[in-house]
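Below you'll find the structure, written out as structure tokens, and then a few comments.
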Amino acid sequence: MKTLISEFAIKEKVEELAQQLSIDYKQKNPVLIGVLKGSFIFLSDLARAMDFPLQLDFMSVSSYGDDTKSSGIVRIIKDLDDTITDRHVVIVEDILDTGLTLGYLVEMLGARKPASIRICTLLSKNHNRKTVHISADYVGFEIEDKFVVGYGLDYRGYFRNLPNIAELEEEDLALGFLAD
Ligand code: 5GP
């Protein structure tokens with residue numbers, strides 16, 4: 001496994017994003033929506049770096065597809081607990097790849113008439129975007145088209161607990177605990 005983004009670089013970037021969000025949302029009592037499971041570590045660090053009133057809610061979606069590519073057909077596993085009508089919403093994602101998942105989410109949540117809706121993603125793979133009208137308002141790092149794990153991101157449920165972001169390599173797939 002090769003480290004792409006170190007724990008320290010992530011920490012600095014999260015603080016930078018939190019500062020930008022603080023400027024934009026300090027007076028707006030926003031609700032940050034974490035898209036489970038991948039965003040849970042990013043959201044918990046991001047939220048703790050912001051020192052003003054905000055609320056957190058979570059959605060869990062599953063995108064049909066194989067282990068490393070999403071299909072764009074999204075199923076809601078867990079919906080938000082509370083209404084977002086007239087609220088300032090920030091969707092917090094781990095990674096924006098094709099944009100299909102977020103495209104669907106923005107449309108679905110937009111129909112609930114929030115006061116505003118923006119996207120904050122830690123990682124973005126720009127060249128894979130099919131849903132061209134989707135772009136994130138706050139982006140941590142632009143990365144190449146490599147499958148990455150760590151800091152919340154998984155492969156078959158593993159590696160979410162890595163403190164850094166790493167590129168999964170062929171030899172990692174032979175690890176015993178990943179065997180079916
Ligand atoms: P999109 O719908 O934008 O193609 O895909 C977004 C979702 O696909 C992410 O929330 C994540 O679950 C998954 N995904 C896309 N690229 C990667 C990657 O490099 N690593 C991991 N672990 N998941 C990815």
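Ordered as shown in the structure tokens, chains take letters A, B, and onward, while each chain numbers its residues from 1 and ligands are numbered from 1 in the order shown.
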At a cut-off of 9 Å and counting only C-alpha atoms and all ligand atoms, what residues surround ligand 1? Please answer as a compact mmCIF listing (two decimals) with C-alpha atoms, in the first residue's frame.
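Below is the file part36.txt, written as the result:
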# COMPACT_ATOMS: atom_id res chain seq x y z
CA VAL A 35 -22.82 10.25 3.83
CA LEU A 36 -22.11 6.97 5.59
CA LYS A 37 -20.00 5.15 5.98
CA GLY A 38 -17.05 6.67 4.17
CA SER A 39 -17.38 10.23 5.48
CA VAL A 61 -26.70 5.05 0.65
CA SER A 62 -25.52 2.12 -1.33
CA SER A 63 -24.45 2.38 -4.90
CA ASP A 67 -16.10 -3.41 -5.41
CA THR A 68 -14.28 -0.48 -6.91
CA LYS A 69 -16.68 1.28 -9.30
CA SER A 70 -20.06 2.85 -8.65
CA SER A 71 -22.97 2.38 -11.02
CA GLY A 72 -24.97 5.50 -10.21
CA ILE A 73 -28.01 3.55 -9.11
CA VAL A 74 -28.37 4.63 -5.52
CA GLU A 93 -18.59 13.24 1.33
CA ASP A 94 -15.42 11.23 1.41
CA ILE A 95 -14.82 11.18 -2.33
CA LEU A 96 -16.44 12.53 -5.46
CA ASP A 97 -15.71 10.20 -8.34
CA THR A 98 -18.17 10.00 -11.23
CA GLY A 99 -20.53 12.33 -9.36
CA LEU A 100 -23.41 9.92 -9.80
CA THR A 101 -23.98 9.35 -6.08
CA LEU A 102 -23.89 13.04 -5.18
CA GLY A 103 -25.89 14.01 -8.24
CA TYR A 104 -28.65 11.77 -7.00
CA LEU A 123 -11.24 13.96 -2.27
CA SER A 124 -12.20 14.51 -5.88
CA LYS A 125 -11.33 12.52 -9.00
CA ASN A 128 -14.16 10.62 -14.05
CA ARG A 129 -17.08 13.00 -13.82
CA LYS A 130 -20.05 11.91 -15.95
CA THR A 131 -22.65 14.04 -14.21
CA ASP A 145 -7.97 7.91 -10.87
CA LYS A 146 -6.59 5.44 -8.33
CA PHE A 147 -8.57 3.39 -5.87
CA VAL A 148 -7.79 4.75 -2.43
CA VAL A 149 -8.50 3.59 1.10
CA GLY A 150 -8.08 4.96 4.61
CA GLY A 152 -12.96 6.37 6.35
CA LEU A 153 -12.61 4.92 2.86
CA ASP A 154 -12.77 1.15 2.58
CA TYR A 155 -12.12 -1.83 0.41
CA ARG A 156 -14.64 -4.57 1.27
CA GLY A 157 -15.19 -2.89 4.62
CA PHE A 159 -8.92 -0.08 5.89
CA ARG A 160 -11.33 2.63 7.09
CA GLU A 167 -3.45 3.67 -2.78
CA LEU A 168 -4.51 0.05 -2.84
Excluding Ser60 (chain A) and its own-chain neighbours fewer than 4 positions away, which residues fall within 9 Å of it when counting only C-alpha atoms? Please give them as a ChimeraX atom specification. /A:34-37,75-80
Of the candidates A:His127, A:Arg118, A:Thr83, A:Gly140, which one gets nearest to Leu46 (chain A) if we count only C-alpha atoms?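 Smallest distance to Leu46 (chain A) is found for A:Gly140.
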For Leu4 (chain A), list every protein, DNA or RNA residue within 8 Å, evaluated using only C-alpha atoms, and leave out those in the same chain fewer than 3 positions away; present the list as number ranges by chain. A: 164-167
Take the residues from that selection and write them out as an mmCIF file, in the first residue's frame, keeping all heavy atoms.
data_model
loop_
_atom_site.group_PDB
_atom_site.id
_atom_site.type_symbol
_atom_site.label_atom_id
_atom_site.label_comp_id
_atom_site.auth_asym_id
_atom_site.auth_seq_id
_atom_site.Cartn_x
_atom_site.Cartn_y
_atom_site.Cartn_z
ATOM 1 N N ASN A 164 -4.048 7.630 7.337
ATOM 2 C CA ASN A 164 -3.651 8.322 6.099
ATOM 3 C C ASN A 164 -4.507 7.809 4.939
ATOM 4 O O ASN A 164 -5.300 6.894 5.103
ATOM 5 C CB ASN A 164 -2.171 8.060 5.825
ATOM 6 C CG ASN A 164 -1.866 6.573 5.733
ATOM 7 O OD1 ASN A 164 -2.457 5.773 6.448
ATOM 8 N ND2 ASN A 164 -0.981 6.195 4.847
ATOM 9 N N ILE A 165 -4.317 8.408 3.765
ATOM 10 C CA ILE A 165 -5.006 7.906 2.576
ATOM 11 C C ILE A 165 -3.977 7.211 1.699
ATOM 12 O O ILE A 165 -2.914 7.777 1.401
ATOM 13 C CB ILE A 165 -5.734 9.048 1.845
ATOM 14 C CG1 ILE A 165 -6.930 9.458 2.710
ATOM 15 C CG2 ILE A 165 -6.207 8.608 0.460
ATOM 16 C CD1 ILE A 165 -7.634 10.681 2.260
ATOM 17 N N ALA A 166 -4.301 5.963 1.355
ATOM 18 C CA ALA A 166 -3.318 5.155 0.645
ATOM 19 C C ALA A 166 -3.919 4.565 -0.618
ATOM 20 O O ALA A 166 -5.137 4.394 -0.733
ATOM 21 C CB ALA A 166 -2.846 4.028 1.550
ATOM 22 N N GLU A 167 -3.028 4.284 -1.532
ATOM 23 C CA GLU A 167 -3.450 3.672 -2.783
ATOM 24 C C GLU A 167 -3.382 2.156 -2.612
ATOM 25 O O GLU A 167 -2.358 1.630 -2.177
ATOM 26 C CB GLU A 167 -2.478 4.116 -3.873
ATOM 27 C CG GLU A 167 -2.799 3.603 -5.230
ATOM 28 C CD GLU A 167 -1.680 3.939 -6.200
ATOM 29 O OE1 GLU A 167 -0.989 4.964 -5.995
ATOM 30 O OE2 GLU A 167 -1.495 3.171 -7.144
#
How many Å separate CA of Asp172 (chain A) from CA of Ser44 (chain A)? 27.7 Å
So, with only C-alpha atoms as the atoms that count, which of A:Ile23, A:Tyr138, A:Glu170, A:Asp86 lies closest to Lys113 (chain A)?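 Result for the nearest residue to Lys113 (chain A): A:Asp86.
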Can you work out which one of A:Leu178, A:Ile5, A:Ala115, A:Ile84 has the shortest atom-to-atom distance to Pro163 (chain A), counting only C-alpha atoms? A:Ile5
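Note that DSSP on the backbone gives strand (DSSP E or B) to these residues of region 109-166 of chain A: Ser116, Ile117, Arg118, Ile119, Cys120, Thr121, Leu122, Leu123, Ser124, Tyr138, Val139, Gly140, Phe141, Glu142, Val148, Val149, Gly150, Leu153, Tyr155, Tyr158, Ile165 and Ala166 of chain A.
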For a test of reading the model, state the distance in Å between CA of Leu122 (chain A) and CA of Val139 (chain A), rounded to one decimal.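 The value is 5.7 Å.
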One decimal, Å: what's the distance from CA of Ser22 (chain A) over to CA of Phe52 (chain A), could you say?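 Straight-line distance from CA of Ser22 (chain A) to CA of Phe52 (chain A) works out to 7.6 Å.
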Alpha helix (DSSP H) positions in chain A, given as a ChimeraX atom specification: /A:7-25,40-48,100-110
Residue subset to file, keeping N, CA and C atoms, as a compact mmCIF listing (two decimals), in the first residue's frame:
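Heads up, here's the output in part_29.txt:
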# COMPACT_ATOMS: atom_id res chain seq x y z
N GLU A 7 -1.22 11.65 7.15
CA GLU A 7 -2.11 12.04 8.24
C GLU A 7 -1.98 13.55 8.51
N PHE A 8 -0.74 14.04 8.47
CA PHE A 8 -0.50 15.46 8.75
C PHE A 8 -1.13 16.36 7.68
N ALA A 9 -0.96 15.95 6.41
CA ALA A 9 -1.53 16.75 5.32
C ALA A 9 -3.06 16.77 5.41
N ILE A 10 -3.64 15.66 5.81
CA ILE A 10 -5.11 15.61 5.96
C ILE A 10 -5.53 16.57 7.07
N LYS A 11 -4.81 16.53 8.17
CA LYS A 11 -5.16 17.38 9.32
C LYS A 11 -5.13 18.87 8.94
N GLU A 12 -4.08 19.25 8.23
CA GLU A 12 -3.97 20.65 7.79
C GLU A 12 -5.12 21.03 6.87
N LYS A 13 -5.44 20.11 5.95
CA LYS A 13 -6.49 20.41 4.97
C LYS A 13 -7.86 20.50 5.64
N VAL A 14 -8.10 19.62 6.60
CA VAL A 14 -9.38 19.64 7.31
C VAL A 14 -9.55 20.97 8.04
N GLU A 15 -8.46 21.45 8.63
CA GLU A 15 -8.54 22.74 9.33
C GLU A 15 -8.82 23.89 8.35
N GLU A 16 -8.19 23.81 7.19
CA GLU A 16 -8.40 24.83 6.15
C GLU A 16 -9.87 24.83 5.69
N LEU A 17 -10.41 23.63 5.43
CA LEU A 17 -11.81 23.53 5.00
C LEU A 17 -12.75 24.04 6.09
N ALA A 18 -12.43 23.69 7.34
CA ALA A 18 -13.27 24.13 8.46
C ALA A 18 -13.27 25.66 8.56
N GLN A 19 -12.13 26.27 8.27
CA GLN A 19 -12.07 27.74 8.30
C GLN A 19 -12.94 28.35 7.22
N GLN A 20 -12.87 27.78 6.01
CA GLN A 20 -13.71 28.29 4.92
C GLN A 20 -15.18 28.14 5.28
N LEU A 21 -15.55 26.97 5.79
CA LEU A 21 -16.94 26.73 6.17
C LEU A 21 -17.37 27.66 7.29
N SER A 22 -16.46 27.95 8.20
CA SER A 22 -16.79 28.84 9.31
C SER A 22 -17.14 30.23 8.79
N ILE A 23 -16.36 30.71 7.83
CA ILE A 23 -16.63 32.03 7.25
C ILE A 23 -18.02 32.04 6.60
N ASP A 24 -18.32 30.97 5.86
CA ASP A 24 -19.57 30.94 5.09
C ASP A 24 -20.81 30.61 5.92
N TYR A 25 -20.63 29.89 7.03
CA TYR A 25 -21.80 29.36 7.74
C TYR A 25 -21.95 29.79 9.20
N PHE A 40 -17.46 9.28 7.74
CA PHE A 40 -17.64 9.46 9.20
C PHE A 40 -16.40 10.02 9.90
N ILE A 41 -15.23 9.65 9.45
CA ILE A 41 -14.01 10.16 10.11
C ILE A 41 -13.76 11.62 9.69
N PHE A 42 -13.89 11.88 8.40
CA PHE A 42 -13.72 13.25 7.89
C PHE A 42 -14.71 14.19 8.58
N LEU A 43 -15.98 13.79 8.64
CA LEU A 43 -16.99 14.65 9.24
C LEU A 43 -16.71 14.89 10.72
N SER A 44 -16.25 13.86 11.41
CA SER A 44 -16.04 14.06 12.85
C SER A 44 -14.86 15.01 13.09
N ASP A 45 -13.82 14.94 12.28
CA ASP A 45 -12.71 15.88 12.42
C ASP A 45 -13.12 17.29 11.98
N LEU A 46 -13.85 17.35 10.86
CA LEU A 46 -14.28 18.64 10.32
C LEU A 46 -15.19 19.38 11.31
N ALA A 47 -16.16 18.66 11.85
CA ALA A 47 -17.12 19.28 12.76
C ALA A 47 -16.43 19.79 14.02
N ARG A 48 -15.43 19.02 14.50
CA ARG A 48 -14.73 19.46 15.72
C ARG A 48 -13.79 20.63 15.48
N LEU A 100 -22.07 10.50 -9.70
CA LEU A 100 -23.41 9.92 -9.80
C LEU A 100 -24.11 9.86 -8.43
N THR A 101 -23.38 9.45 -7.42
CA THR A 101 -23.98 9.35 -6.08
C THR A 101 -24.44 10.72 -5.59
N LEU A 102 -23.55 11.70 -5.67
CA LEU A 102 -23.89 13.04 -5.18
C LEU A 102 -24.95 13.71 -6.05
N GLY A 103 -24.89 13.45 -7.33
CA GLY A 103 -25.89 14.01 -8.24
C GLY A 103 -27.28 13.58 -7.79
N TYR A 104 -27.38 12.32 -7.46
CA TYR A 104 -28.65 11.77 -7.00
C TYR A 104 -29.06 12.38 -5.66
N LEU A 105 -28.09 12.45 -4.76
CA LEU A 105 -28.39 12.98 -3.42
C LEU A 105 -28.82 14.45 -3.46
N VAL A 106 -28.12 15.24 -4.25
CA VAL A 106 -28.44 16.67 -4.33
C VAL A 106 -29.85 16.85 -4.87
N GLU A 107 -30.21 16.06 -5.87
CA GLU A 107 -31.54 16.16 -6.44
C GLU A 107 -32.60 15.75 -5.40
N MET A 108 -32.33 14.66 -4.71
CA MET A 108 -33.29 14.16 -3.74
C MET A 108 -33.45 15.11 -2.55
N LEU A 109 -32.32 15.62 -2.05
CA LEU A 109 -32.40 16.52 -0.89
C LEU A 109 -32.90 17.90 -1.31
N GLY A 110 -32.58 18.29 -2.52
CA GLY A 110 -33.04 19.59 -3.04
C GLY A 110 -34.57 19.64 -3.09
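Shell of Asp57 (chain A) at 9 Å, with only C-alpha atoms counted and residues fewer than 2 places along the chain excluded, is Val31, Leu32, Ile33, Gly34, Val35, Gln55, Met59, Leu80, Asp81 and Asp82 of chain A.
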